[in-house]
Amino acid sequence: EFRLKRLQGMEVYPPQLRDFPRPVINLIGCVSLHPSIQRLFSTRKDLFGKDVSVFHAISSEMGSPQLERSKERRLTYDNYIPGGILKADWMQKHSEKVPAVVVALFPWDDEKMRGKENEMLVDLETIKRSIKSRNIKLLVAMVVRSATGMDFTAEERYIQFKKRGELDSKSIIFIERENLSDSAKKLEKTLQELARTHYKDEAKLLKKESNRGINNLPRVIQLTLLIRHAFKVAYYGEFRRDNQTTLKYYNKAYNHLRELTIAELKSNPKSPLKLNEIKTVAEYINFQITKLYQWLGNTQDAITQFQKHLKSYKPVTGPIPELVFQHHAWLARQYESFGQLLEVIGPNATRFSSSLQHSQQHPGFYYQAAAHSAVSRRESFETPTLSMYRTSAAVQKLKSELPPVPYNSASIDPAQKYIGQEPDHFEDHPLEANSLGETARISKEVELSLPEIITRAVARELTMDHSSVILRLLTQASDQYKGSAKSNHMIQWITSQLALEYYLSGQFEIAKGFLDRIARSYRQEGWWSLLTGVLYTSMSCALDMKNAQDYFTCAIELLNPQMTNSWEEKKQIQQSIMEYVKEPQLKFADPKSSVIPPVDIPIDQNHPLFNLKVQFAAESVYANKPLDFLVRIKMDFPLPMTFSKLRVHFSDSSFDREIVGSVDAPADGENNLSFIPNRWREFHFNFISKENLDLRCRFITLELGEIPVSFHWDFSQWVVPSTDPRDLKLNFQERMGTKILAHEAMLDLHVEHNSPALVEEFYLLKVILKNIGEPISSGKLLCQILPPADECRFVTNLETKQSIEEIEIPAIDHGEKKEIIVYFYSTVVQRKRVVFEVVYQTTENCTSIKKETLDIPVQVPFSPVFNFFSPSFHPILPGSGSIVTNQPFYMDFDLACTTPFPLRLNSSKILLASNEDRPVATCVGSSNDQNDQALHILTKDKKFTLWYQLVPNVSGDTIQLGHIDLAWSRYEDEISGKLENSGNSKEKSDPPITVTRLTIPQLKINSAPFSVKIDIPTFAVVGTVVTLSLLISNHTELQQDFTLLVKENTSFLFSGEKQGTFSIHPQSTYQLRYNLLPLLAGRQPLPHLEIISKRLQKELPQVKQSRYIFVNPGHWASKTSSMG
C-alpha cells in the first residue's frame, strides 16, 4: 500500500491503461447466485501485485434495460473528417461496459418456472437482439440442483427449449447448485474461450475496416484512422493476453503516430492543441509498449522504446514559446511513469542488458530526470514573459473557476471526447456541422486566439504546487538509490537538490538539515566547488532563519582559500560579516526575544583561514621562577580584520589572561587586535610559576563585535606538529604545556637490596636518605608499585604485616643520613617496578621531591620434585594404582635451590590431609625425624632430600595426601657479608623467616582386603640360620581362609610349615615364621610362599613377587668376628 501511494505518476492515466484489461462478462438472471459464482472464478496478479478476478463481471436482472445498439459500421470513409485520434471513452466502454460474453441464467428446475418456457424464450430473444449488432457471444446457463438423475419429462422439456431458442449444445451449460465449485470452473473455461473468440473477431473486423477505402483519403486523415484501428486491435489483443499481436499493433500505431506528428508539423505548425493531443496519444501508446515489455521481463526493449519515444517527442516543444512549461510537464510525466514501471515490475525483469548503462536500468535515474524536468517547468513558467498573464484579472478569474485538482492532459475527463483534447474542446458552435458534427468541433479549435490559449494554460498552471511535485520526485529518486554503496555520490547530489528545493519553498529548517549533511560529505571528499554552492545556500537559509551561529559559521568557511568563489565575492562576505557584528539587530533580531545568543565558532588545528601557534618558553621550570608564554596568530582574510578581545585559558584558571582591543593602541601594541592578511602577530604573557604543577593552555578565544562572535581554539585534541624550519629561525618551538617542578631536591636517595625477590618472601629494601641541602623539617616516603596489583604490597612491621603506602620522615639536618627499612611482598612470579618518592619540606618552607625507581624481579625460591616407591623400592607413578591401602610406600622429596644466593632451610614439616576426621595416610617414618631442627644450606649445586614412609588409609582415584611446609630464609652470612662489604651495615639482624607450602601430588590409591608385612634380614651367612617372618592382616569384616604352599628351593634348608591351611579372623593378623639355613653364597632367591585366598581364589600379590637376599660366605663372617 505504501508503494501504491507513491505511484502518483501513473495515477494520471486512466485505470484501463494502468493495468491489463480483463474480459467483460454480463451475468443476467438469478442475481442471488452471481456473487457466489464470481467468488469461485480464478484470480491473477495485477500490475501492482493485487489479486483480481480473471473477469470483469456485470450483474443484471432478467428483463432490465439491455445494451444500447451499436452504431452501424462505416461502409466508406469518403468525406469523413475525424474529430480526434482516440475516443476518450472507448477503453472504459470496452473494459467495463461492453461484454464479450452474455450469460443468461435460467432457474430450470424451479417449480415456479415450469410451464413458463415461453417467457424464458422471450427474455432470451430480447438478449439476442441487444447483442446482435456488437457480435457479443451468448451462453445460456441452466441452473439446476443437480444435473444427474434428470427424468424423461425434464429431458424432453430441455430439448424443446433448445430447439425453440435455436441454441446448439455449445451455447448451453448446466450450473449445479449442489456442486457450484465444479460448475464455476467449467463456466470459467467456457467463458474464456468465448471471450477470446469475441475479441479476436472484433480485431478481424477492425483490420478489414483499415483495408477498406482508407488509401484514397488525405494523408493526415489516413494516418489518424490507421493509428485508431491499430490501437484498438492491440487493446483487443491485451484482452486475449496475445502479447505478440499486442506489441505488433502498438508499435504499428506508434510508428503511424510519428508520421502523423511530422505531417501535422508541416501542415499546421501553429496548432498547439493538436500537438498536445498527438503527444498525449504517443504517451499512451508508449506506456502500453513499455509496460508490456517490462511485464515480459525484457527491460532492454522497454528502455530502447522509451529512448525512441523521447528522441521523437522531446524536441516537439510546441509552436508557442510561452507554453514551453507544458512540454516540460509532459517530459516530467514520461520520466516518472517509466521509472515507476521499472520499480513496480522490476522483480519480473530478468533480462538486463550489459550494453546499457546501469543508471538507465535504475528507477532512480528516471525519477531524478522527472524532477529536473519539473524544475524546468517551473523556471519556464516563472519567466518575465508570462508575468503579465500571471497577474491578469482574466487569469485569476479563470483560476478561481477551475476544480481543485490541477488539470493534466494525460487524464481522461468525463467531458472529453478525444484523448489529449481539452474537456471543452467540442462545445456547441454556431457554425453548421456535418452529419457527425465534426466540422463544428474543429472550427472551435481554430477560433481560439493566442492570448486565450495562453490565458487558459497559465490559469491551470497556477493551480500547480511545483515544489511539492519536485520534492516528491527527488525523494523517490533518493529512496531508490539508498542501500547501494556505489550510489553515495548520487544520493549526495539528489540531497543537495532536495535542500535547494526546500529552501525555495520556504522550509528553511529542513533545507538547513539537508545542507549540513551534504556539507560534511563534501568536506571529507574535498569537493570544494560543490561545497561552495552548498555553503552559499546554507548561509542564505541561516539569514532567513535569523540564526547568527549558522550564518557566521558558513560565512567564515566561505572565506577559506579552498573555496572556489572569487576574491570579490569573499570580500563582500567579509564586509557583510563586519556589518552584521556591528549592528546584529539588522538581520538576527528575533521578534520573540531581543537577545541574540553568542556565536561560538570552533577552529581546528589545520584551519586554512587561521594559523595559531603557542609556546611555553621551556618544557619545565622550577617553582617561583619566571614563566613566559607566547601566542602567534596569522589570518588569511581578504581584508584586514579587527577583533574586540583575546582570551587565553589555562588548566589552572589563576593563569588566565585577557587582552581587550583598543582603537587608540599603536600598530604593534598588544592592545591592538587588528590583523593584516598573511602577517603574523605575537602576544607575550609573563607569569610567576607555582609549585608542582602541569600547566597546559586549554583554549584561546578571539571575540569579534558585540554579539560576540567567538573564534575558539581548543587544544585538548591537538597534536604538536614537527618543528617548522621557519620557526627555528625565530627561535620558536610550538609547545602547548610545561611542567612546573617543585623546589630542586637537595637529597640523596639510595636503595640497597639483594635481587631477586622471592615469592611469599618479605623482601628487604633499605632506603638510605642523605641531606645535602637545607635542614629538612618534615616529609613523607611514598611507596608505589607500578602497575598496582592486589598480590603485591609494602610492609614495615613483620608482626602485623599491614600494608603501607607512605612513611613519615623525621627531621634531617644538613649532612645527616637516615635509613628506613621497607619489606616488599609478592605472592606471584612477576617483574614489578617500584617507585620511592620523597616529598619533604625544608625549614625555609620550600617543598621538594626526590624519586628513585627500581625494577624488582620476583621468582620462586626452589624447585620441588616428588617421587614414590614401593616397599621394595620399585618406582611408582602417582596414577598407576600400585599404591594400596594399609600397605606402606615411600615418598622421596627432592628440593633444588633456584636462586643465585644460598638459602637456609630452618625446618620442614609434613601435614597430612584428613577425610571425614580420618587421616588419609599415616606417616610411620621420616629421614628428618631425628634431625628435625638441623639447619640446611641450599645452593644451586646442592640438593636437599627427605624420605617419608607412609601408609594410606583411604582409597580413591585422586587422593590429596597433604602438604609439606618449609620454613626458610636467606643465608645470614651471605647477606651480612654483602652489607659489610658495602660499609653500610651497623649491626647484624636475622632475616625474616618465610614459610612456603608445597602440595604433594595427587595419588591413585586402591583398596586391598589384605596386607602382608615381610620381615627379611638385610643379608645372611652360609651355614648361619636366619629368620623369615610374614605378618598377614585381614582388613575385612569376614573370616578369611588361606592355603599355604612353600615351593622347593635348593639355596636354603628351612624349617616350618610347608603346606596347609590357616584362617584369620576379621580385623586380625596371622604370623608365619621360618628358619632358613643358607647353603650357597651370593645373591640367592628366597623360598617362594604361595598364599591363596580361598574366598577370592587369588594369590596374595604381596608374596607373589620373587625376593632375593645376599648370602655371604662363611669365612667372611669369621673374619668379621675376629676384626670385631
# chains A, B, ... in the order shown; residues from 1 in each chain; ligands from 1

$ select_by_dssp --residues "region 907-1112 of chain A" --states "strand (DSSP E or B)" --output "ChimeraX atom specification"
/A:907-912,914,919,921-926,936-938,943-952,956-959,962-970,994-999,1003-1006,1010-1015,1019-1021,1026-1034,1040-1046,1052-1055,1059-1064,1069-1078,1082-1085,1089-1093,1098-1099,1108-1112

$ residues_around --residues "Ser880 (chain A)" --least-positions-apart "3" --cutoff "9 Å" --atoms "only C-alpha atoms" --output "MDAnalysis selection string"
chainID A and resid 876:877 883 1003:1005

$ write_last_selection --atoms "all heavy atoms" --output "PDB file, in the first residue's frame"
ATOM      1  N   ILE A 876      57.059 -45.920  41.559  1.00  0.00           N
ATOM      2  CA  ILE A 876      55.598 -45.952  41.384  1.00  0.00           C
ATOM      3  C   ILE A 876      55.161 -44.609  40.779  1.00  0.00           C
ATOM      4  O   ILE A 876      55.533 -43.548  41.285  1.00  0.00           O
ATOM      5  CB  ILE A 876      54.874 -46.182  42.727  1.00  0.00           C
ATOM      6  CG1 ILE A 876      55.264 -47.531  43.333  1.00  0.00           C
ATOM      7  CG2 ILE A 876      53.359 -46.103  42.523  1.00  0.00           C
ATOM      8  CD1 ILE A 876      54.663 -47.767  44.703  1.00  0.00           C
ATOM      9  N   LEU A 877      54.380 -44.689  39.705  1.00  0.00           N
ATOM     10  CA  LEU A 877      53.787 -43.472  39.136  1.00  0.00           C
ATOM     11  C   LEU A 877      52.556 -43.084  39.951  1.00  0.00           C
ATOM     12  O   LEU A 877      51.790 -43.952  40.392  1.00  0.00           O
ATOM     13  CB  LEU A 877      53.407 -43.683  37.675  1.00  0.00           C
ATOM     14  CG  LEU A 877      54.575 -43.968  36.725  1.00  0.00           C
ATOM     15  CD1 LEU A 877      54.049 -44.252  35.318  1.00  0.00           C
ATOM     16  CD2 LEU A 877      55.540 -42.784  36.719  1.00  0.00           C
ATOM     17  N   ILE A 883      49.724 -48.215  44.520  1.00  0.00           N
ATOM     18  CA  ILE A 883      49.663 -47.967  45.959  1.00  0.00           C
ATOM     19  C   ILE A 883      48.312 -48.456  46.453  1.00  0.00           C
ATOM     20  O   ILE A 883      47.270 -48.122  45.869  1.00  0.00           O
ATOM     21  CB  ILE A 883      49.869 -46.477  46.261  1.00  0.00           C
ATOM     22  CG1 ILE A 883      51.230 -46.025  45.733  1.00  0.00           C
ATOM     23  CG2 ILE A 883      49.740 -46.197  47.744  1.00  0.00           C
ATOM     24  CD1 ILE A 883      51.482 -44.539  45.869  1.00  0.00           C
ATOM     25  N   LEU A1003      47.414 -38.861  44.315  1.00  0.00           N
ATOM     26  CA  LEU A1003      47.746 -40.255  44.070  1.00  0.00           C
ATOM     27  C   LEU A1003      46.488 -41.052  43.816  1.00  0.00           C
ATOM     28  O   LEU A1003      45.408 -40.735  44.332  1.00  0.00           O
ATOM     29  CB  LEU A1003      48.485 -40.858  45.270  1.00  0.00           C
ATOM     30  CG  LEU A1003      49.820 -40.220  45.652  1.00  0.00           C
ATOM     31  CD1 LEU A1003      50.360 -40.893  46.892  1.00  0.00           C
ATOM     32  CD2 LEU A1003      50.813 -40.345  44.510  1.00  0.00           C
ATOM     33  N   LYS A1004      46.650 -42.103  43.026  1.00  0.00           N
ATOM     34  CA  LYS A1004      45.586 -43.072  42.869  1.00  0.00           C
ATOM     35  C   LYS A1004      45.877 -44.240  43.808  1.00  0.00           C
ATOM     36  O   LYS A1004      46.886 -44.929  43.672  1.00  0.00           O
ATOM     37  CB  LYS A1004      45.518 -43.566  41.416  1.00  0.00           C
ATOM     38  CG  LYS A1004      44.396 -44.564  41.186  1.00  0.00           C
ATOM     39  CD  LYS A1004      44.338 -45.003  39.719  1.00  0.00           C
ATOM     40  CE  LYS A1004      43.202 -46.002  39.509  1.00  0.00           C
ATOM     41  NZ  LYS A1004      43.139 -46.460  38.097  1.00  0.00           N
ATOM     42  N   ILE A1005      44.996 -44.452  44.796  1.00  0.00           N
ATOM     43  CA  ILE A1005      45.203 -45.473  45.830  1.00  0.00           C
ATOM     44  C   ILE A1005      44.063 -46.485  45.733  1.00  0.00           C
ATOM     45  O   ILE A1005      42.882 -46.100  45.767  1.00  0.00           O
ATOM     46  CB  ILE A1005      45.236 -44.840  47.236  1.00  0.00           C
ATOM     47  CG1 ILE A1005      46.365 -43.795  47.305  1.00  0.00           C
ATOM     48  CG2 ILE A1005      45.412 -45.902  48.306  1.00  0.00           C
ATOM     49  CD1 ILE A1005      46.427 -43.045  48.617  1.00  0.00           C
TER      50      ILE A1005
END

$ atom_distance --atom1 "CA of Ser1029 (chain A)" --atom2 "CA of Val884 (chain A)"
21.2 Å

$ residues_around --residues "Ile1032 (chain A)" --least-positions-apart "4" --cutoff "7 Å" --atoms "only C-alpha atoms" --output "list of chain:residue names"
A:Ser1011, A:Val1012, A:Lys1013, A:Thr1069, A:Tyr1070, A:Gln1071

$ select_by_dssp --residues "region 458-489 of chain A" --states "alpha helix (DSSP H)" --output "PDB file with N, CA, C and O atoms, in the first residue's frame"
ATOM      1  N   VAL A 458      -1.990  29.293 -18.434  1.00  0.00           N
ATOM      2  CA  VAL A 458      -1.392  29.921 -17.251  1.00  0.00           C
ATOM      3  C   VAL A 458      -2.305  29.737 -16.046  1.00  0.00           C
ATOM      4  O   VAL A 458      -1.852  29.460 -14.922  1.00  0.00           O
ATOM      5  N   ALA A 459      -3.624  29.897 -16.248  1.00  0.00           N
ATOM      6  CA  ALA A 459      -4.565  29.732 -15.134  1.00  0.00           C
ATOM      7  C   ALA A 459      -4.483  28.318 -14.566  1.00  0.00           C
ATOM      8  O   ALA A 459      -4.503  28.115 -13.346  1.00  0.00           O
ATOM      9  N   ARG A 460      -4.383  27.347 -15.453  1.00  0.00           N
ATOM     10  CA  ARG A 460      -4.278  25.967 -14.974  1.00  0.00           C
ATOM     11  C   ARG A 460      -2.948  25.730 -14.249  1.00  0.00           C
ATOM     12  O   ARG A 460      -2.888  25.022 -13.244  1.00  0.00           O
ATOM     13  N   GLU A 461      -1.875  26.310 -14.790  1.00  0.00           N
ATOM     14  CA  GLU A 461      -0.559  26.084 -14.180  1.00  0.00           C
ATOM     15  C   GLU A 461      -0.464  26.708 -12.804  1.00  0.00           C
ATOM     16  O   GLU A 461       0.284  26.234 -11.938  1.00  0.00           O
ATOM     17  N   LEU A 462      -1.219  27.795 -12.576  1.00  0.00           N
ATOM     18  CA  LEU A 462      -1.175  28.444 -11.261  1.00  0.00           C
ATOM     19  C   LEU A 462      -1.741  27.557 -10.159  1.00  0.00           C
ATOM     20  O   LEU A 462      -1.467  27.789  -8.973  1.00  0.00           O
ATOM     21  N   HIS A 466       4.413  23.469  -7.578  1.00  0.00           N
ATOM     22  CA  HIS A 466       5.613  22.921  -8.210  1.00  0.00           C
ATOM     23  C   HIS A 466       6.566  22.310  -7.184  1.00  0.00           C
ATOM     24  O   HIS A 466       7.155  21.247  -7.422  1.00  0.00           O
ATOM     25  N   SER A 467       6.740  22.973  -6.065  1.00  0.00           N
ATOM     26  CA  SER A 467       7.715  22.477  -5.079  1.00  0.00           C
ATOM     27  C   SER A 467       7.345  21.103  -4.562  1.00  0.00           C
ATOM     28  O   SER A 467       8.214  20.233  -4.405  1.00  0.00           O
ATOM     29  N   SER A 468       6.061  20.877  -4.277  1.00  0.00           N
ATOM     30  CA  SER A 468       5.668  19.569  -3.748  1.00  0.00           C
ATOM     31  C   SER A 468       5.929  18.476  -4.776  1.00  0.00           C
ATOM     32  O   SER A 468       6.339  17.358  -4.432  1.00  0.00           O
ATOM     33  N   VAL A 469       5.717  18.788  -6.060  1.00  0.00           N
ATOM     34  CA  VAL A 469       5.990  17.800  -7.114  1.00  0.00           C
ATOM     35  C   VAL A 469       7.485  17.502  -7.188  1.00  0.00           C
ATOM     36  O   VAL A 469       7.907  16.336  -7.247  1.00  0.00           O
ATOM     37  N   ILE A 470       8.294  18.545  -7.185  1.00  0.00           N
ATOM     38  CA  ILE A 470       9.752  18.360  -7.286  1.00  0.00           C
ATOM     39  C   ILE A 470      10.274  17.590  -6.071  1.00  0.00           C
ATOM     40  O   ILE A 470      11.082  16.667  -6.201  1.00  0.00           O
ATOM     41  N   LEU A 471       9.801  17.945  -4.878  1.00  0.00           N
ATOM     42  CA  LEU A 471      10.254  17.261  -3.664  1.00  0.00           C
ATOM     43  C   LEU A 471       9.845  15.793  -3.670  1.00  0.00           C
ATOM     44  O   LEU A 471      10.624  14.927  -3.257  1.00  0.00           O
ATOM     45  N   ARG A 472       8.645  15.523  -4.132  1.00  0.00           N
ATOM     46  CA  ARG A 472       8.203  14.124  -4.199  1.00  0.00           C
ATOM     47  C   ARG A 472       9.085  13.321  -5.153  1.00  0.00           C
ATOM     48  O   ARG A 472       9.500  12.197  -4.830  1.00  0.00           O
ATOM     49  N   LEU A 473       9.386  13.877  -6.295  1.00  0.00           N
ATOM     50  CA  LEU A 473      10.204  13.155  -7.272  1.00  0.00           C
ATOM     51  C   LEU A 473      11.633  12.942  -6.763  1.00  0.00           C
ATOM     52  O   LEU A 473      12.211  11.864  -6.920  1.00  0.00           O
ATOM     53  N   LEU A 474      12.199  13.966  -6.166  1.00  0.00           N
ATOM     54  CA  LEU A 474      13.563  13.829  -5.643  1.00  0.00           C
ATOM     55  C   LEU A 474      13.619  12.829  -4.491  1.00  0.00           C
ATOM     56  O   LEU A 474      14.582  12.063  -4.362  1.00  0.00           O
ATOM     57  N   THR A 475      12.591  12.825  -3.654  1.00  0.00           N
ATOM     58  CA  THR A 475      12.543  11.853  -2.554  1.00  0.00           C
ATOM     59  C   THR A 475      12.464  10.434  -3.091  1.00  0.00           C
ATOM     60  O   THR A 475      13.127   9.521  -2.588  1.00  0.00           O
ATOM     61  N   GLN A 476      11.645  10.241  -4.133  1.00  0.00           N
ATOM     62  CA  GLN A 476      11.558   8.916  -4.739  1.00  0.00           C
ATOM     63  C   GLN A 476      12.899   8.490  -5.338  1.00  0.00           C
ATOM     64  O   GLN A 476      13.308   7.329  -5.212  1.00  0.00           O
ATOM     65  N   ALA A 477      13.597   9.421  -5.970  1.00  0.00           N
ATOM     66  CA  ALA A 477      14.912   9.100  -6.535  1.00  0.00           C
ATOM     67  C   ALA A 477      15.891   8.720  -5.436  1.00  0.00           C
ATOM     68  O   ALA A 477      16.638   7.736  -5.544  1.00  0.00           O
ATOM     69  N   SER A 478      15.886   9.490  -4.346  1.00  0.00           N
ATOM     70  CA  SER A 478      16.796   9.195  -3.234  1.00  0.00           C
ATOM     71  C   SER A 478      16.498   7.844  -2.620  1.00  0.00           C
ATOM     72  O   SER A 478      17.407   7.064  -2.314  1.00  0.00           O
ATOM     73  N   ASP A 479      15.214   7.524  -2.434  1.00  0.00           N
ATOM     74  CA  ASP A 479      14.844   6.232  -1.849  1.00  0.00           C
ATOM     75  C   ASP A 479      15.311   5.066  -2.714  1.00  0.00           C
ATOM     76  O   ASP A 479      15.671   4.005  -2.196  1.00  0.00           O
ATOM     77  N   GLN A 480      15.301   5.255  -4.028  1.00  0.00           N
ATOM     78  CA  GLN A 480      15.727   4.179  -4.913  1.00  0.00           C
ATOM     79  C   GLN A 480      17.230   3.920  -4.815  1.00  0.00           C
ATOM     80  O   GLN A 480      17.676   2.785  -4.945  1.00  0.00           O
ATOM     81  N   TYR A 481      18.008   4.971  -4.584  1.00  0.00           N
ATOM     82  CA  TYR A 481      19.465   4.810  -4.548  1.00  0.00           C
ATOM     83  C   TYR A 481      19.971   4.383  -3.174  1.00  0.00           C
ATOM     84  O   TYR A 481      21.113   3.959  -3.040  1.00  0.00           O
ATOM     85  N   ASN A 488      26.528   6.478  -3.390  1.00  0.00           N
ATOM     86  CA  ASN A 488      26.637   7.522  -2.368  1.00  0.00           C
ATOM     87  C   ASN A 488      26.723   8.908  -2.988  1.00  0.00           C
ATOM     88  O   ASN A 488      26.086   9.858  -2.513  1.00  0.00           O
ATOM     89  N   HIS A 489      27.506   9.044  -4.051  1.00  0.00           N
ATOM     90  CA  HIS A 489      27.645  10.359  -4.673  1.00  0.00           C
ATOM     91  C   HIS A 489      26.344  10.802  -5.316  1.00  0.00           C
ATOM     92  O   HIS A 489      25.998  11.992  -5.272  1.00  0.00           O
TER      93      HIS A 489
END

$ atom_distance --atom1 "CA of Lys770 (chain A)" --atom2 "CA of Arg793 (chain A)"
25.5 Å
